[in-house]
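K.L.:
Pasting a structure here, questions to come.
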Amino acid sequence: MAGYIYMHRKEKGEEVSGYVPWDDAKIHVLSHVIHYSSGVFEGIRGYLTRGGVAIFRGRDHYRRLVRSAKIYRMFPEHYAPRELRERGKVSQKDLVSHFMKLTKELIRKNDLCRKAKEVKDEGKMNNPFVYIRPVIYRGYDVKDDPILKPPLGVNPLGNPVEWFIATFLWDDYLGKEAIENGANVITSAWAKNSPSTTPFMAKGASNYATGQLAKMESVLSAFFKDYDVLERVKKGQPITKEDLFLAIESVQLTTSGYVAEGTGENIFVVMYENGDPGDPEDPKKVKIYTPPISASILPGITRDSIIRLAKDEGYEVIETMIPRELLYIADEVFFTGTAAEVTPISTVDGIPVGKGKPGRVTLHLRRLYTEIARGERPDKYGWVDFVEC
Ligand code: PMP
């Protein structure tokens with residue numbers, strides 16, 4: 001039994017919503033979203049704790065989802081369930097509460113707490129967590145003879161707005177090695193869309209076209225660890241996997257060449273005072289930089305959490321355009337994201353970042369973030385929603 005997906009669809013003009021068995025969760029091939037990327041989505045993380053699942057900033061993710069939909073003119077009155085519409089104008093707050101309620105039900109219905117324990121005990125996953133994937137999209141619905149003029153033009157306004165919520169178990173997004181030793185990344189030749197192309201404040205499917213290309217570019221890339229390897233190649237001597245850095249993620253630039261973000265992560269740069277090579281204990285001797293919203297980035301919820309935590313710890317956080325080469329001379333660089341959490345970056349384009357291993361500031365912020373998210377540290381920010389199971 002693989003579990004259920006909650007779906008809200010239109011069938012012959014009728015609203016149909018409810019839990020659908022995993023294998024039956026299907027949409028029509030002529031759905032608008034398949035052809036024109038007319039979908040927006042979220043990725044939300046639930047941490048498995050002893051008593052249940054701690055959902056991290058679920059309400060903020062659902063708020064971003066409703067806003068992403070609005071940017072594409074998919075308004076709550078198009079997709080809110082009948083029970084909410086019948087109460088009058090649907091507020092964002094009611095919709096978000098409804099999505100949260102369904103998410104909690106779905107986690108329990110899919111028995112994810114027990115399954116996570118099972119896969120961990122059996123050694124099938126390293127660090128299982130609950131991943132929640134809601135999608136709002138333009139679908140397909142035809143009442144009369146479907147062969148006559150199906151609604152498949154670019155204009156999406158005649159297609160129904162549908163949605164679903166899926167929950168499942170996922171494992172370390174960038175791998176165990178990246179968490180322990182830092183990720184090797186490259187700068188992709190595929191830039192982020194510029195602001196007048198697709199809206200980056202919406203977490204829209206179309207934004208991920210360049211992301212996919214950049215991601216493939218990274219996972220198919222490898223760098224020689226040092227010049228010595230290059231000399232051996234020239235002499236025709238064999239090289240092994242250990243001689244290479246394998247890139248696992250790309251950093252994408254804006255169309256004007258500034259650092260934007262990873263394909264599924266925001267990015268931060270840490271600089272120590274006066275380029276002091278020691279690891280400073282004092283937050284006042286550190287500056288943290290991250291690209292601003294205007295750098296074609298998704299306004300990440302983990303990014304926002306890390307900015308708040310860092311400021312509360314006394315670090316100065318500066319949102320500013322970042323040239324690519326700052327990544328090469330930085331003392332620490334790290335990614336943030338729901339799936340990636342806080343992942344240190346140890347090399348960029350084959351150049352070691354700082355000491356080439358996770359830095360003190362990165363690890364400190366990661367510890368604070370994960371302890372709050374897992375309910376191991378008082379949550380003074382009100383970020384965690386708990387589901388008992
Ligand atoms: N940028 C992109 C392109 C992403 O896909 C994500 C993951 N949602 C992020 C940044 C990080 O956002 P968040 O912290 O909200 O997961």
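A note on labels: chains of the structure tokens are A, B, ... as shown, every chain counts residues from 1, and ligands are counted from 1 in their shown order.
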Would you mind listing the residues within 10 Å of ligand 1, counting only C-alpha atoms and all ligand atoms, as a PyMOL selection string?
P.N.:
chain A and resi 41-45+57+60-61+64+192+200-201+203-205+207-208+210-211+252+260-267+296-306+335-342
K.L.:
Could you please take those selected residues and save C-alpha atoms as a PDB file, in the first residue's frame?
P.N.:
```
ATOM      1  CA  PHE A  41       4.153  24.465  -6.261  1.00  0.00           C
ATOM      2  CA  GLU A  42       5.742  24.211  -2.845  1.00  0.00           C
ATOM      3  CA  GLY A  43       8.176  21.941  -1.072  1.00  0.00           C
ATOM      4  CA  ILE A  44       7.637  21.693   2.674  1.00  0.00           C
ATOM      5  CA  ARG A  45       9.628  19.672   5.162  1.00  0.00           C
ATOM      6  CA  ARG A  57       6.969  26.927   8.519  1.00  0.00           C
ATOM      7  CA  ASP A  60       4.532  30.382   5.303  1.00  0.00           C
ATOM      8  CA  HIS A  61       4.961  27.845   2.488  1.00  0.00           C
ATOM      9  CA  ARG A  64       3.781  31.567  -0.778  1.00  0.00           C
ATOM     10  CA  LYS A 192      18.360  32.545 -14.257  1.00  0.00           C
ATOM     11  CA  PHE A 200      10.803  34.541  -9.868  1.00  0.00           C
ATOM     12  CA  MET A 201       8.787  35.518  -6.791  1.00  0.00           C
ATOM     13  CA  LYS A 203       7.531  29.253  -7.324  1.00  0.00           C
ATOM     14  CA  GLY A 204       6.331  28.439 -10.811  1.00  0.00           C
ATOM     15  CA  ALA A 205       7.181  25.334 -12.819  1.00  0.00           C
ATOM     16  CA  ASN A 207      11.290  28.844 -13.541  1.00  0.00           C
ATOM     17  CA  TYR A 208      12.744  25.350 -13.335  1.00  0.00           C
ATOM     18  CA  THR A 210      16.934  26.612 -16.706  1.00  0.00           C
ATOM     19  CA  GLY A 211      17.322  24.966 -13.311  1.00  0.00           C
ATOM     20  CA  GLN A 252      23.134  30.113 -11.477  1.00  0.00           C
ATOM     21  CA  ALA A 260      21.644  34.367  -8.004  1.00  0.00           C
ATOM     22  CA  GLU A 261      21.104  30.959  -6.347  1.00  0.00           C
ATOM     23  CA  GLY A 262      21.375  27.177  -6.713  1.00  0.00           C
ATOM     24  CA  THR A 263      18.847  25.230  -8.771  1.00  0.00           C
ATOM     25  CA  GLY A 264      16.833  24.527  -5.608  1.00  0.00           C
ATOM     26  CA  GLU A 265      18.654  26.557  -2.954  1.00  0.00           C
ATOM     27  CA  ASN A 266      19.542  30.113  -1.966  1.00  0.00           C
ATOM     28  CA  ILE A 267      23.171  30.951  -1.332  1.00  0.00           C
ATOM     29  CA  SER A 296      16.102  36.759  -9.740  1.00  0.00           C
ATOM     30  CA  ILE A 297      15.969  34.474  -6.701  1.00  0.00           C
ATOM     31  CA  LEU A 298      13.134  32.624  -5.072  1.00  0.00           C
ATOM     32  CA  PRO A 299      12.555  34.350  -1.710  1.00  0.00           C
ATOM     33  CA  GLY A 300      13.392  31.202   0.231  1.00  0.00           C
ATOM     34  CA  ILE A 301      11.786  30.450   3.552  1.00  0.00           C
ATOM     35  CA  THR A 302      14.983  28.819   4.810  1.00  0.00           C
ATOM     36  CA  ARG A 303      16.865  31.908   3.598  1.00  0.00           C
ATOM     37  CA  ASP A 304      14.541  34.084   5.660  1.00  0.00           C
ATOM     38  CA  SER A 305      14.977  31.796   8.698  1.00  0.00           C
ATOM     39  CA  ILE A 306      18.775  31.894   8.435  1.00  0.00           C
ATOM     40  CA  PHE A 335      23.249  26.800   0.469  1.00  0.00           C
ATOM     41  CA  THR A 336      19.873  27.033   2.197  1.00  0.00           C
ATOM     42  CA  GLY A 337      16.641  25.352   1.203  1.00  0.00           C
ATOM     43  CA  THR A 338      13.835  23.175   2.450  1.00  0.00           C
ATOM     44  CA  ALA A 339      15.377  20.013   1.037  1.00  0.00           C
ATOM     45  CA  ALA A 340      19.036  21.099   1.344  1.00  0.00           C
ATOM     46  CA  GLU A 341      18.564  22.702   4.820  1.00  0.00           C
ATOM     47  CA  VAL A 342      21.962  24.383   5.402  1.00  0.00           C
TER      48      VAL A 342
END
```
K.L.:
Might you pull out every residue within 7 Å of region 173-182 of chain A, with only C-alpha atoms counted and same-chain residues fewer than 3 positions away left off, and present them as a list in words?
P.N.:
Ala339, Ala340, Thr343, Pro344, Ile345, Ser346, Lys357 and Pro358 of chain A
K.L.:
Could you pull out the residues in region 214-327 of chain A that DSSP calls strand (DSSP E) from the backbone, as a ChimeraX atom specification?
P.N.:
/A:222-224,244-246,249-253,259-262,266-272,286-290,316-319
K.L.:
Give me a file of those residues, with N, CA and C atoms, as a short mmCIF file (atom, residue, chain, number, x, y, z; two decimals), in the first residue's frame.
P.N.:
```
data_model
loop_
_atom_site.label_atom_id
_atom_site.label_comp_id
_atom_site.auth_asym_id
_atom_site.auth_seq_id
_atom_site.Cartn_x
_atom_site.Cartn_y
_atom_site.Cartn_z
N ALA A 222 33.00 17.15 -13.67
CA ALA A 222 34.00 16.75 -12.67
C ALA A 222 35.24 17.60 -12.88
N PHE A 223 35.97 17.84 -11.80
CA PHE A 223 37.20 18.65 -11.88
C PHE A 223 38.38 17.86 -11.35
N PHE A 224 39.53 18.11 -11.93
CA PHE A 224 40.75 17.53 -11.37
C PHE A 224 41.01 18.19 -10.01
N LEU A 244 39.25 13.33 -8.59
CA LEU A 244 38.30 14.33 -9.11
C LEU A 244 37.41 14.91 -8.03
N PHE A 245 37.01 16.15 -8.23
CA PHE A 245 35.86 16.71 -7.52
C PHE A 245 34.66 16.42 -8.41
N LEU A 246 33.64 15.80 -7.86
CA LEU A 246 32.42 15.62 -8.64
C LEU A 246 31.45 16.74 -8.25
N GLU A 249 25.98 20.27 -7.78
CA GLU A 249 24.97 21.32 -7.89
C GLU A 249 25.56 22.49 -8.66
N SER A 250 24.68 23.28 -9.27
CA SER A 250 25.10 24.48 -9.99
C SER A 250 24.68 25.73 -9.24
N VAL A 251 25.50 26.75 -9.33
CA VAL A 251 25.08 28.09 -8.93
C VAL A 251 24.72 28.79 -10.22
N GLN A 252 23.53 29.38 -10.27
CA GLN A 252 23.13 30.11 -11.48
C GLN A 252 23.34 31.60 -11.26
N LEU A 253 23.70 32.28 -12.34
CA LEU A 253 23.92 33.73 -12.28
C LEU A 253 22.71 34.46 -12.85
N VAL A 259 25.77 36.53 -8.90
CA VAL A 259 25.33 35.27 -8.31
C VAL A 259 23.84 35.37 -7.96
N ALA A 260 23.06 34.39 -8.37
CA ALA A 260 21.64 34.37 -8.00
C ALA A 260 21.43 33.30 -6.92
N GLU A 261 21.42 32.03 -7.31
CA GLU A 261 21.10 30.96 -6.35
C GLU A 261 21.42 29.61 -6.96
N GLY A 262 21.25 28.53 -6.19
CA GLY A 262 21.37 27.18 -6.71
C GLY A 262 20.10 26.81 -7.46
N ASN A 266 18.93 28.77 -2.02
CA ASN A 266 19.54 30.11 -1.97
C ASN A 266 20.99 29.96 -1.49
N ILE A 267 21.74 31.05 -1.64
CA ILE A 267 23.17 30.95 -1.33
C ILE A 267 23.62 32.08 -0.40
N PHE A 268 24.56 31.76 0.48
CA PHE A 268 25.14 32.74 1.41
C PHE A 268 26.66 32.68 1.34
N VAL A 269 27.29 33.84 1.56
CA VAL A 269 28.75 33.95 1.57
C VAL A 269 29.17 34.51 2.93
N VAL A 270 30.18 33.91 3.53
CA VAL A 270 30.67 34.39 4.84
C VAL A 270 32.09 34.90 4.66
N MET A 271 32.33 36.14 5.13
CA MET A 271 33.68 36.72 5.06
C MET A 271 34.15 37.07 6.47
N TYR A 272 35.38 36.65 6.80
CA TYR A 272 35.93 36.99 8.11
C TYR A 272 36.60 38.37 8.03
N VAL A 286 32.58 38.96 11.60
CA VAL A 286 32.10 38.22 10.43
C VAL A 286 31.06 39.04 9.69
N LYS A 287 31.08 38.96 8.36
CA LYS A 287 29.99 39.56 7.58
C LYS A 287 29.38 38.46 6.71
N ILE A 288 28.04 38.45 6.66
CA ILE A 288 27.37 37.43 5.86
C ILE A 288 26.64 38.14 4.72
N TYR A 289 26.88 37.67 3.50
CA TYR A 289 26.26 38.28 2.32
C TYR A 289 25.32 37.28 1.65
N THR A 290 24.24 37.81 1.10
CA THR A 290 23.35 36.95 0.29
C THR A 290 22.71 37.82 -0.79
N GLU A 316 26.21 40.43 11.14
CA GLU A 316 25.68 41.41 10.19
C GLU A 316 25.34 40.67 8.90
N VAL A 317 24.11 40.80 8.43
CA VAL A 317 23.72 40.13 7.18
C VAL A 317 23.43 41.20 6.14
N ILE A 318 24.09 41.10 5.00
CA ILE A 318 23.97 42.13 3.98
C ILE A 318 23.40 41.51 2.70
N GLU A 319 22.26 42.06 2.26
CA GLU A 319 21.67 41.57 1.01
C GLU A 319 22.18 42.46 -0.10
#
```
K.L.:
Quick one: everything within 7 Å of Arg9 (chain A), counting only C-alpha atoms, minus sequence neighbours fewer than 4 positions away in the same chain. Send it as a ChimeraX atom specification.
P.N.:
/A:15-17,162-163
K.L.:
Show me, as a list in words, the residues that have an atom within 9 Å of region 366-379 of chain A when counting only C-alpha atoms, minus same-chain residues fewer than 2 positions from it.
P.N.:
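My list of contacting residues is Gly46, Tyr47, Leu48, Thr49, Val53, Ala54, Ile55, Phe56, Arg57, Thr302, Ser305, Ile306, Leu309, Glu341, Val342, Thr343, Val361, Thr362, Leu363, His364, Tyr381, Gly382, Trp383, Val384 and Phe386 of chain A.
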K.L.:
Could you pull the residues within 12 Å of Met216 (chain A), counting only C-alpha atoms, minus those fewer than 2 positions along the same chain, as an NGL selection string?
P.N.:
:A and (185-186 or 188-190 or 209-214 or 218-221 or 247-250 or 263)
K.L.:
Using only C-alpha atoms, which protein or nucleic acid residues come within 10 Å of Glu11 (chain A)? Drop anything in the same chain fewer than 3 positions from it, and give the result as a list of chain:residue names.
P.N.:
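Final neighbour list, sorted by chain and number: A:His8, A:Glu14, A:Glu15, A:Val16, A:Tyr140, A:Asp141, A:Val142, A:Lys143, A:Pro160.
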K.L.:
Produce a file of the selected residues containing C-alpha atoms, as a PDB file, in the first residue's frame.
P.N.:
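Output below, filename result01.pdb:
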```
ATOM      1  CA  HIS A   8      -9.068  18.648  -6.073  1.00  0.00           C
ATOM      2  CA  GLU A  14     -18.284  19.028 -11.249  1.00  0.00           C
ATOM      3  CA  GLU A  15     -15.852  19.634  -8.419  1.00  0.00           C
ATOM      4  CA  VAL A  16     -14.313  16.367  -7.194  1.00  0.00           C
ATOM      5  CA  TYR A 140      -8.360  20.010 -18.436  1.00  0.00           C
ATOM      6  CA  ASP A 141     -12.099  19.501 -18.312  1.00  0.00           C
ATOM      7  CA  VAL A 142     -14.546  19.035 -21.142  1.00  0.00           C
ATOM      8  CA  LYS A 143     -18.251  18.624 -20.688  1.00  0.00           C
ATOM      9  CA  PRO A 160      -9.932  24.693 -14.551  1.00  0.00           C
TER      10      PRO A 160
END
```
K.L.:
CA of Met321 (chain A) and CA of Ser37 (chain A), how far apart in Å?
P.N.:
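Straight-line distance from CA of Ser37 (chain A) to CA of Met321 (chain A) works out to 29.1 Å.
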K.L.:
Within 12 Å of Lys89 (chain A), counting only C-alpha atoms, which residues qualify if same-chain residues fewer than 6 places away don't, as a list in words?
P.N.:
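Contacts, with the query itself left out: Phe75, Pro76, Glu77, His78, Ala80, Pro81, Arg82, Glu83 and Leu95 of chain A.
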K.L.:
For the structure I just gave you, how does DSSP split region 273-314 of chain A - specifically, which residues are alpha helix (DSSP H)? Reply as a list in words.
P.N.:
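Those residues are Ile301, Thr302, Arg303, Asp304, Ser305, Ile306, Ile307, Arg308, Leu309, Ala310, Lys311 and Asp312 of chain A.
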K.L.:
For the selection just defined, write its residues with N, CA and C atoms to a file, as a tab-separated table (two decimals), in the first residue's frame.
P.N.:
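The resulting file, part_17.tsv, is shown below:
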```
chain	number	residue	atom	x	y	z
A	301	ILE	N	12.24	30.41	2.16
A	301	ILE	CA	11.79	30.45	3.55
A	301	ILE	C	12.94	30.04	4.49
A	302	THR	N	13.79	29.16	4.02
A	302	THR	CA	14.98	28.82	4.81
A	302	THR	C	15.93	30.03	4.82
A	303	ARG	N	16.05	30.69	3.69
A	303	ARG	CA	16.87	31.91	3.60
A	303	ARG	C	16.42	32.92	4.64
A	304	ASP	N	15.09	33.13	4.70
A	304	ASP	CA	14.54	34.08	5.66
A	304	ASP	C	14.84	33.62	7.10
A	305	SER	N	14.72	32.32	7.34
A	305	SER	CA	14.98	31.80	8.70
A	305	SER	C	16.43	32.02	9.08
A	306	ILE	N	17.34	31.76	8.13
A	306	ILE	CA	18.77	31.89	8.43
A	306	ILE	C	19.15	33.37	8.64
A	307	ILE	N	18.54	34.25	7.85
A	307	ILE	CA	18.82	35.69	8.05
A	307	ILE	C	18.40	36.10	9.46
A	308	ARG	N	17.21	35.63	9.87
A	308	ARG	CA	16.73	36.01	11.21
A	308	ARG	C	17.59	35.42	12.31
A	309	LEU	N	17.94	34.14	12.16
A	309	LEU	CA	18.78	33.49	13.18
A	309	LEU	C	20.14	34.18	13.26
A	310	ALA	N	20.73	34.46	12.08
A	310	ALA	CA	22.07	35.06	12.06
A	310	ALA	C	22.04	36.44	12.72
A	311	LYS	N	21.02	37.22	12.39
A	311	LYS	CA	20.93	38.57	12.99
A	311	LYS	C	20.77	38.46	14.51
A	312	ASP	N	19.93	37.51	14.94
A	312	ASP	CA	19.72	37.34	16.39
A	312	ASP	C	20.99	36.86	17.10
```
K.L.:
Out of A:Pro150, A:Gly356, A:Pro21, A:Gly257, which residue has the shortest atom-to-atom distance to Arg324 (chain A) when counting only C-alpha atoms?
P.N.:
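The answer is A:Gly257, which sits nearest to Arg324 (chain A).
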K.L.:
A:Val229, A:Val154, A:Ala2, A:Ala295: which is nearest Glu242 (chain A), counting only C-alpha atoms?
P.N.:
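So, comparing all the options, the nearest one is A:Val229.
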